[in-house]
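*Asks:* Sharing protein-v6.cif below, mmCIF, C-alpha atoms and all ligand atoms:
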data_target
#
loop_
_atom_site.group_PDB
_atom_site.id
_atom_site.type_symbol
_atom_site.label_atom_id
_atom_site.label_comp_id
_atom_site.auth_asym_id
_atom_site.auth_seq_id
_atom_site.Cartn_x
_atom_site.Cartn_y
_atom_site.Cartn_z
ATOM 1 C CA MET I 1 13.495 15.737 0.377
ATOM 2 C CA GLY I 2 14.822 16.196 -3.163
ATOM 3 C CA GLU I 3 12.615 17.041 -6.118
ATOM 4 C CA ILE I 4 11.293 13.977 -7.965
ATOM 5 C CA ASP I 5 9.805 13.043 -11.319
ATOM 6 C CA LEU I 6 7.558 10.076 -12.012
ATOM 7 C CA ILE I 7 9.156 8.191 -14.894
ATOM 8 C CA GLU I 8 7.730 5.087 -16.516
ATOM 9 C CA VAL I 9 9.678 1.960 -15.655
ATOM 10 C CA ASN I 10 12.385 1.423 -18.272
ATOM 11 C CA SER I 11 15.613 -0.477 -18.758
ATOM 12 C CA LYS I 12 17.883 2.535 -18.177
ATOM 13 C CA TYR I 13 17.110 2.025 -14.483
ATOM 14 C CA ALA I 14 17.450 -1.795 -14.458
ATOM 15 C CA ASN I 15 20.330 -1.869 -11.949
ATOM 16 C CA ASP I 16 18.635 0.500 -9.530
ATOM 17 C CA ILE I 17 15.332 -1.394 -9.833
ATOM 18 C CA TRP I 18 17.162 -4.557 -8.808
ATOM 19 C CA GLU I 19 18.794 -2.785 -5.849
ATOM 20 C CA PHE I 20 15.378 -1.412 -4.838
ATOM 21 C CA ARG I 21 13.957 -4.970 -4.939
ATOM 22 C CA LYS I 22 16.811 -6.293 -2.783
ATOM 23 C CA GLU I 23 16.330 -3.586 -0.166
ATOM 24 C CA ILE I 24 12.565 -4.167 0.051
ATOM 25 C CA LEU I 25 13.046 -7.948 0.313
ATOM 26 C CA GLU I 26 15.409 -7.450 3.232
ATOM 27 C CA TYR I 27 13.722 -4.574 5.051
ATOM 28 C CA ASP I 28 10.038 -5.354 4.488
ATOM 29 C CA MET I 29 10.344 -9.112 5.030
ATOM 30 C CA ASP I 30 7.436 -9.225 7.492
ATOM 31 C CA ASN I 31 5.442 -6.335 6.044
ATOM 32 C CA GLU I 32 2.034 -7.322 4.634
ATOM 33 C CA ASP I 33 2.323 -4.365 2.221
ATOM 34 C CA GLN I 34 5.668 -5.508 0.834
ATOM 35 C CA PHE I 35 6.021 -4.439 -2.831
ATOM 36 C CA ALA I 36 2.792 -2.398 -2.897
ATOM 37 C CA GLY I 37 2.614 -0.803 -6.355
ATOM 38 C CA CYS I 38 5.386 -3.044 -7.749
ATOM 39 C CA ARG I 39 3.334 -6.047 -8.749
ATOM 40 C CA GLY I 40 5.454 -8.961 -9.949
ATOM 41 C CA LEU I 41 8.800 -7.479 -8.915
ATOM 42 C CA SER I 42 9.429 -9.895 -6.057
ATOM 43 C CA GLU I 43 8.762 -12.950 -8.264
ATOM 44 C CA SER I 44 10.759 -11.696 -11.271
ATOM 45 C CA ASP I 45 14.129 -13.298 -11.985
ATOM 46 C CA SER I 46 15.634 -10.089 -13.349
ATOM 47 C CA ALA I 47 14.846 -6.402 -13.661
ATOM 48 C CA GLU I 48 14.429 -6.862 -17.419
ATOM 49 C CA THR I 49 11.748 -9.539 -16.888
ATOM 50 C CA TRP I 50 9.829 -7.143 -14.666
ATOM 51 C CA ILE I 51 10.263 -4.183 -17.028
ATOM 52 C CA ASN I 52 8.817 -6.338 -19.843
ATOM 53 C CA MET I 53 5.888 -7.233 -17.587
ATOM 54 C CA CYS I 54 5.273 -3.546 -16.843
ATOM 55 C CA ASN I 55 5.324 -2.787 -20.571
ATOM 56 C CA LEU I 56 2.750 -5.526 -21.277
ATOM 57 C CA ARG I 57 0.536 -4.204 -18.486
ATOM 58 C CA LYS I 58 0.283 -0.756 -20.072
ATOM 59 C CA ASN I 59 -1.952 -1.906 -22.873
ATOM 60 C CA GLU I 60 -5.445 -3.342 -22.724
ATOM 61 C CA LYS I 61 -4.532 -5.802 -25.503
ATOM 62 C CA THR I 62 -1.426 -7.182 -23.780
ATOM 63 C CA CYS I 63 -2.041 -6.848 -20.030
ATOM 64 C CA ASN I 64 -3.499 -10.376 -19.846
ATOM 65 C CA GLU I 65 -0.086 -11.739 -20.844
ATOM 66 C CA ALA I 66 1.239 -10.071 -17.686
ATOM 67 C CA GLY I 67 -1.483 -11.648 -15.546
ATOM 68 C CA THR I 68 -3.839 -8.677 -15.186
ATOM 69 C CA SER I 69 -7.151 -7.884 -16.814
ATOM 70 C CA VAL I 70 -6.930 -4.159 -16.064
ATOM 71 C CA PRO I 71 -4.141 -2.144 -17.702
ATOM 72 C CA SER I 72 -1.856 -0.042 -15.534
ATOM 73 C CA HIS I 73 1.223 2.118 -15.677
ATOM 74 C CA THR I 74 4.125 1.683 -13.282
ATOM 75 C CA TYR I 75 6.264 4.703 -12.450
ATOM 76 C CA MET I 76 9.551 5.128 -10.681
ATOM 77 C CA ALA I 77 9.906 8.210 -8.497
ATOM 78 C CA VAL I 78 13.344 9.381 -9.565
ATOM 79 C CA ARG I 79 15.158 12.049 -7.564
ATOM 80 C CA LYS I 80 16.398 14.729 -9.916
ATOM 81 C CA ASN I 81 19.683 15.555 -8.203
ATOM 82 C CA ASP I 82 21.147 12.027 -8.208
ATOM 83 C CA ASN I 83 18.892 10.118 -10.646
ATOM 84 C CA ARG I 84 18.131 7.574 -7.927
ATOM 85 C CA ILE I 85 14.858 5.709 -7.546
ATOM 86 C CA VAL I 86 13.240 6.656 -4.235
ATOM 87 C CA GLY I 87 9.956 4.841 -4.786
ATOM 88 C CA ILE I 88 7.649 3.000 -7.148
ATOM 89 C CA ILE I 89 3.952 3.706 -7.696
ATOM 90 C CA ASP I 90 1.422 2.288 -10.097
ATOM 91 C CA LEU I 91 -1.720 3.662 -11.690
ATOM 92 C CA ARG I 92 -4.524 1.355 -12.722
ATOM 93 C CA HIS I 93 -6.472 2.743 -15.649
ATOM 94 C CA HIS I 94 -9.827 1.901 -14.068
ATOM 95 C CA ILE I 95 -11.232 -0.038 -11.103
ATOM 96 C CA ASN I 96 -14.032 -1.809 -12.898
ATOM 97 C CA HIS I 97 -12.895 -5.076 -11.378
ATOM 98 C CA PRO I 98 -14.066 -6.994 -8.269
ATOM 99 C CA ILE I 99 -10.806 -6.594 -6.320
ATOM 100 C CA LEU I 100 -9.746 -3.149 -7.513
ATOM 101 C CA GLY I 101 -13.233 -1.707 -6.993
ATOM 102 C CA THR I 102 -13.429 -2.937 -3.401
ATOM 103 C CA TRP I 103 -9.979 -2.890 -1.781
ATOM 104 C CA GLY I 104 -7.344 -2.700 -4.528
ATOM 105 C CA GLY I 105 -8.069 0.818 -5.691
ATOM 106 C CA HIS I 106 -6.370 2.891 -8.372
ATOM 107 C CA SER I 107 -2.843 2.783 -7.003
ATOM 108 C CA GLY I 108 -0.283 1.262 -4.656
ATOM 109 C CA TYR I 109 3.159 2.591 -3.718
ATOM 110 C CA SER I 110 6.390 1.715 -1.975
ATOM 111 C CA VAL I 111 9.215 3.968 -0.885
ATOM 112 C CA ARG I 112 12.783 2.742 -0.625
ATOM 113 C CA PRO I 113 13.377 1.888 3.058
ATOM 114 C CA VAL I 114 16.264 4.360 3.575
ATOM 115 C CA GLU I 115 14.219 7.162 1.969
ATOM 116 C CA ARG I 116 11.128 6.807 4.154
ATOM 117 C CA GLY I 117 9.826 9.567 6.382
ATOM 118 C CA LYS I 118 11.036 12.367 4.097
ATOM 119 C CA GLY I 119 7.766 13.151 2.307
ATOM 120 C CA TYR I 120 8.343 11.108 -0.860
ATOM 121 C CA ALA I 121 5.143 9.047 -0.657
ATOM 122 C CA LYS I 122 3.030 12.189 -0.341
ATOM 123 C CA GLU I 123 4.729 13.742 -3.361
ATOM 124 C CA MET I 124 4.507 10.492 -5.393
ATOM 125 C CA LEU I 125 0.786 10.248 -4.786
ATOM 126 C CA ARG I 126 0.311 13.948 -5.632
ATOM 127 C CA LEU I 127 2.093 13.463 -8.981
ATOM 128 C CA ASN I 128 0.196 10.233 -9.654
ATOM 129 C CA LEU I 129 -3.094 12.075 -9.234
ATOM 130 C CA ILE I 130 -2.010 14.416 -12.033
ATOM 131 C CA ASN I 131 -1.339 11.370 -14.231
ATOM 132 C CA ALA I 132 -4.715 9.925 -13.258
ATOM 133 C CA LYS I 133 -6.474 13.120 -14.264
ATOM 134 C CA LYS I 134 -4.834 12.872 -17.699
ATOM 135 C CA LEU I 135 -6.375 9.404 -18.029
ATOM 136 C CA GLY I 136 -9.784 10.900 -17.269
ATOM 137 C CA ILE I 137 -10.036 9.652 -13.681
ATOM 138 C CA ASP I 138 -11.610 12.184 -11.348
ATOM 139 C CA LYS I 139 -12.680 9.955 -8.471
ATOM 140 C CA PHE I 140 -9.673 8.036 -7.261
ATOM 141 C CA LEU I 141 -10.045 5.074 -4.883
ATOM 142 C CA ILE I 142 -7.156 4.401 -2.556
ATOM 143 C CA THR I 143 -6.912 2.023 0.361
ATOM 144 C CA CYS I 144 -4.656 1.086 3.236
ATOM 145 C CA SER I 145 -4.571 -1.389 6.055
ATOM 146 C CA THR I 146 -5.771 0.091 9.361
ATOM 147 C CA LYS I 147 -2.291 -0.729 10.694
ATOM 148 C CA ASN I 148 -0.503 1.303 8.020
ATOM 149 C CA VAL I 149 -0.356 4.734 9.655
ATOM 150 C CA ALA I 150 2.145 6.179 7.153
ATOM 151 C CA SER I 151 -0.012 5.175 4.196
ATOM 152 C CA ARG I 152 -3.171 6.574 5.801
ATOM 153 C CA ARG I 153 -1.400 9.889 6.409
ATOM 154 C CA THR I 154 -0.154 9.904 2.826
ATOM 155 C CA ILE I 155 -3.740 9.486 1.621
ATOM 156 C CA LEU I 156 -5.141 12.116 3.990
ATOM 157 C CA ALA I 157 -2.429 14.598 2.983
ATOM 158 C CA ASN I 158 -3.641 14.216 -0.616
ATOM 159 C CA GLY I 159 -7.271 14.942 0.161
ATOM 160 C CA GLY I 160 -8.515 11.407 0.827
ATOM 161 C CA ILE I 161 -12.048 11.247 2.214
ATOM 162 C CA TYR I 162 -12.807 8.206 4.334
ATOM 163 C CA ASP I 163 -15.478 5.902 2.917
ATOM 164 C CA SER I 164 -15.481 2.632 4.870
ATOM 165 C CA THR I 165 -13.439 -0.154 6.399
ATOM 166 C CA ILE I 166 -13.780 -3.647 5.032
ATOM 167 C CA ASP I 167 -12.398 -7.010 6.060
ATOM 168 C CA VAL I 168 -10.171 -8.646 3.452
ATOM 169 C CA GLU I 169 -9.171 -12.126 4.562
ATOM 170 C CA GLY I 170 -8.763 -10.951 8.156
ATOM 171 C CA VAL I 171 -7.053 -7.658 7.291
ATOM 172 C CA LYS I 172 -9.016 -4.472 7.945
ATOM 173 C CA MET I 173 -8.722 -2.215 4.906
ATOM 174 C CA GLU I 174 -9.716 1.454 4.914
ATOM 175 C CA ARG I 175 -11.147 2.862 1.693
ATOM 176 C CA TYR I 176 -10.716 6.525 0.751
ATOM 177 C CA TRP I 177 -11.805 8.582 -2.247
ATOM 178 C CA ILE I 178 -9.830 11.474 -3.633
ATOM 179 C CA THR I 179 -11.633 13.879 -5.933
ATOM 180 C CA ILE I 180 -9.198 15.138 -8.564
ATOM 181 C CA PHE I 181 -9.989 18.672 -9.704
HETATM 182 C C1 LIG Z 201 3.778 3.781 3.401
HETATM 183 C C2 LIG Z 201 5.020 4.379 2.762
HETATM 184 C C3 LIG Z 201 4.847 4.367 1.258
HETATM 185 C C4 LIG Z 201 5.171 5.835 3.271
HETATM 186 O O1 LIG Z 201 6.266 6.421 2.586
HETATM 187 P P1 LIG Z 201 7.076 7.659 3.149
HETATM 188 O O2 LIG Z 201 7.845 8.261 2.040
HETATM 189 O O3 LIG Z 201 7.835 7.263 4.362
HETATM 190 O O4 LIG Z 201 5.896 8.651 3.571
HETATM 191 P P2 LIG Z 201 6.030 10.229 3.755
HETATM 192 O O5 LIG Z 201 7.403 10.549 4.261
HETATM 193 O O6 LIG Z 201 5.543 10.902 2.529
HETATM 194 O O7 LIG Z 201 5.025 10.484 4.956
HETATM 195 C C5 LIG Z 201 3.632 10.401 4.775
HETATM 196 C C6 LIG Z 201 2.930 10.649 6.091
HETATM 197 O O8 LIG Z 201 3.115 9.521 6.949
HETATM 198 C C7 LIG Z 201 3.782 9.893 8.141
HETATM 199 N N1 LIG Z 201 4.713 8.817 8.442
HETATM 200 C C8 LIG Z 201 5.784 8.422 7.709
HETATM 201 N N2 LIG Z 201 6.358 7.349 8.288
HETATM 202 C C9 LIG Z 201 5.627 7.085 9.394
HETATM 203 C C10 LIG Z 201 5.707 6.085 10.404
HETATM 204 N N3 LIG Z 201 6.665 5.167 10.379
HETATM 205 N N4 LIG Z 201 4.771 6.093 11.369
HETATM 206 C C11 LIG Z 201 3.789 7.014 11.391
HETATM 207 N N5 LIG Z 201 3.648 7.980 10.457
HETATM 208 C C12 LIG Z 201 4.566 8.006 9.475
HETATM 209 C C13 LIG Z 201 4.460 11.203 7.828
HETATM 210 O O9 LIG Z 201 4.660 11.981 8.992
HETATM 211 C C14 LIG Z 201 3.461 11.833 6.868
HETATM 212 O O10 LIG Z 201 2.339 12.317 7.583
HETATM 213 P P3 LIG Z 201 2.094 13.880 7.888
HETATM 214 O O11 LIG Z 201 2.187 14.592 6.576
HETATM 215 O O12 LIG Z 201 0.732 13.889 8.472
HETATM 216 O O13 LIG Z 201 3.189 14.265 8.832
HETATM 217 C C15 LIG Z 201 6.303 3.585 3.165
HETATM 218 O O14 LIG Z 201 6.335 3.445 4.552
HETATM 219 C C16 LIG Z 201 6.400 2.221 2.498
HETATM 220 O O15 LIG Z 201 6.925 2.095 1.398
HETATM 221 N N6 LIG Z 201 5.880 1.190 3.187
HETATM 222 C C17 LIG Z 201 5.850 -0.177 2.630
HETATM 223 C C18 LIG Z 201 4.835 -0.303 1.486
HETATM 224 C C19 LIG Z 201 3.465 0.245 1.882
HETATM 225 O O16 LIG Z 201 3.028 0.107 3.020
HETATM 226 N N7 LIG Z 201 2.780 0.867 0.904
HETATM 227 C C20 LIG Z 201 1.448 1.410 1.088
HETATM 228 C C21 LIG Z 201 0.433 0.346 0.837
HETATM 229 S S1 LIG Z 201 -1.220 0.944 1.109
#
Kindly transcribe the structure held in the file into structure tokens.

*Replies:*
Amino acid sequence: MGEIDLIEVNSKYANDIWEFRKEILEYDMDNEDQFAGCRGLSESDSAETWINMCNLRKNEKTCNEAGTSVPSHTYMAVRKNDNRIVGIIDLRHHINHPILGTWGGHSGYSVRPVERGKGYAKEMLRLNLINAKKLGIDKFLITCSTKNVASRRTILANGGIYDSTIDVEGVKMERYWITIF
């Protein structure tokens, strides 16, 4: 695994964002967690459209224009040695919302299919917790489907404490809390 930084989505990475989208569309076709943490990317007609949406989502005053009532930041995990996006992760500023507070949680994430199994998700979540702390979040809700072993292990590796399992339209979702010190 190469060292990564979390960088806010921006147009310098437009081509790689579009490649990332293409790879997820092909590889995760039947995955119920397709595009976790990349809200709107699959429906966008260009990387620039999605980058604009991410920019609108950052601010409480503009996030409604991007279809969300809770502001969030979206970060690319960029590998330092080749400047390539290995994953995308978001950070919702709060979970005072009926979906986020029950099964949406503070964050979702996706790793590029060819980069999976190398430890990137664990490192992305670790860095996102540092960003969350800066926003004043110290109890972080994170969830995964009971079928998503890799996501559960990512959560557990970052100190997730199991809370409960709930049924969301037939999908069993596990809820975990991470205390950020
Ligand atoms: C879930 C996902 C983000 C994991 O990314 P990743 O970079 O492969 O994960 P990591 O390499 O950091 O591994 C995390 C843990 O999962 C385990 N793991 C990784 N792939 C696995 C697999 N296919 N089956 C079982 N365990 C797996 C790793 O061994 C590690 O656990 P450990 O530290 O206890 O050994 C990735 O599979 C993905 O993008 N999936 C599609 C989107 C998604 O499901 N997002 C999560 C929504 S809740």

*Asks:* Using only C-alpha atoms, find the one residue out of I:Pro98, I:Gly40, I:Gly67, I:Gly87 that sits nearest to Ser110 (chain I).

*Replies:*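 Of I:Pro98, I:Gly40, I:Gly67, I:Gly87, the one nearest Ser110 (chain I) is I:Gly87, counting only C-alpha atoms.
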
*Asks:* If the PyMOL selection byres (((chain I and resi 168) around 12) and not hetatm) were run on this exact file, what residues would it hold? Put them as an MDAnalysis selection string.

*Replies:* chainID I and resid 99 102:104 143:146 165:167 169:175

*Asks:* Could you please extract the residues within 6 Å of ligand LIG 201 (chain Z), counting only C-alpha atoms and all ligand atoms, and hand them back as a tab-separated table (two decimals) with C-alpha atoms, in the coordinates of the input?

*Replies:*
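The result, stored in out.tsv:
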chain	number	residue	atom	x	y	z
I	33	ASP	CA	2.32	-4.36	2.22
I	34	GLN	CA	5.67	-5.51	0.83
I	36	ALA	CA	2.79	-2.40	-2.90
I	108	GLY	CA	-0.28	1.26	-4.66
I	109	TYR	CA	3.16	2.59	-3.72
I	110	SER	CA	6.39	1.72	-1.98
I	111	VAL	CA	9.22	3.97	-0.88
I	116	ARG	CA	11.13	6.81	4.15
I	117	GLY	CA	9.83	9.57	6.38
I	118	LYS	CA	11.04	12.37	4.10
I	119	GLY	CA	7.77	13.15	2.31
I	120	TYR	CA	8.34	11.11	-0.86
I	121	ALA	CA	5.14	9.05	-0.66
I	122	LYS	CA	3.03	12.19	-0.34
I	143	THR	CA	-6.91	2.02	0.36
I	144	CYS	CA	-4.66	1.09	3.24
I	149	VAL	CA	-0.36	4.73	9.65
I	150	ALA	CA	2.14	6.18	7.15
I	151	SER	CA	-0.01	5.18	4.20
I	153	ARG	CA	-1.40	9.89	6.41
I	154	THR	CA	-0.15	9.90	2.83
I	157	ALA	CA	-2.43	14.60	2.98

*Asks:* With a distance cut-off of 12 Å and all atoms listed in the file, select the neighbouring residues of Lys80 (chain I), excluding the residue or stretch itself and same-chain residues fewer than 4 positions from it, and output the selection as a VMD selection string.

*Replies:* chain I and resid 1 to 7 76 84 to 86

*Asks:* Rank nothing, just name the residue among I:Asp30, I:Glu8, I:Asp82, I:Glu65 nearest to Ile51 (chain I), using all atoms listed in the file.

*Replies:* I:Glu8
